[in-house]
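Below you'll find the structure, written out as structure tokens, and then a few comments.
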Amino acid sequence: MKVGDLVKCNSLPGRQLGIRRHGILIAKLPKSIRVGRLTGDCFMVQWTDGARNQVREQYLKVVNKT
């Protein structure tokens, strides 16, 4: 998974189940030492509805690689 990939997210914590979103990875964020290494990488995602969110890699699936 890298910046520029088209991704989908089936659900995020705090969101209704069943909502599927598609977006593009626009930035890879640095890992936080406080949180720990086991959390995976975080990405900034630009969704097709115009919103931007910080999302952990475990919630994303690559649809189309760059």
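Chains: A, B, ... in order of the structure tokens. Residues: from 1 per chain. Ligands: from 1, in order shown.
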
| message | List as a PyMOL selection string the protein and nucleic acid residues near Leu29 (chain A), meaning an atom at most 10 Å away when only C-alpha atoms are counted, but skip any in the same chain fewer than 5 places from it. | response | chain A and resi 41-44+54-56

| request: List the neighbours of Val7 (chain A) out to 10 Å using only C-alpha atoms; skip same-chain residues closer than 6 positions along the sequence, and give me the result as an NGL selection string. | output: :A and (1 or 21-25 or 45-47 or 59-65)

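Atom to atom, CA of Ala27 (chain A) and CA of Lys2 (chain A) stand 8.4 Å apart.
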
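Nearest residue to Asn10 (chain A) among A:Lys31, A:Thr48, A:Thr66, A:Gln58 is A:Gln58, counting only C-alpha atoms.
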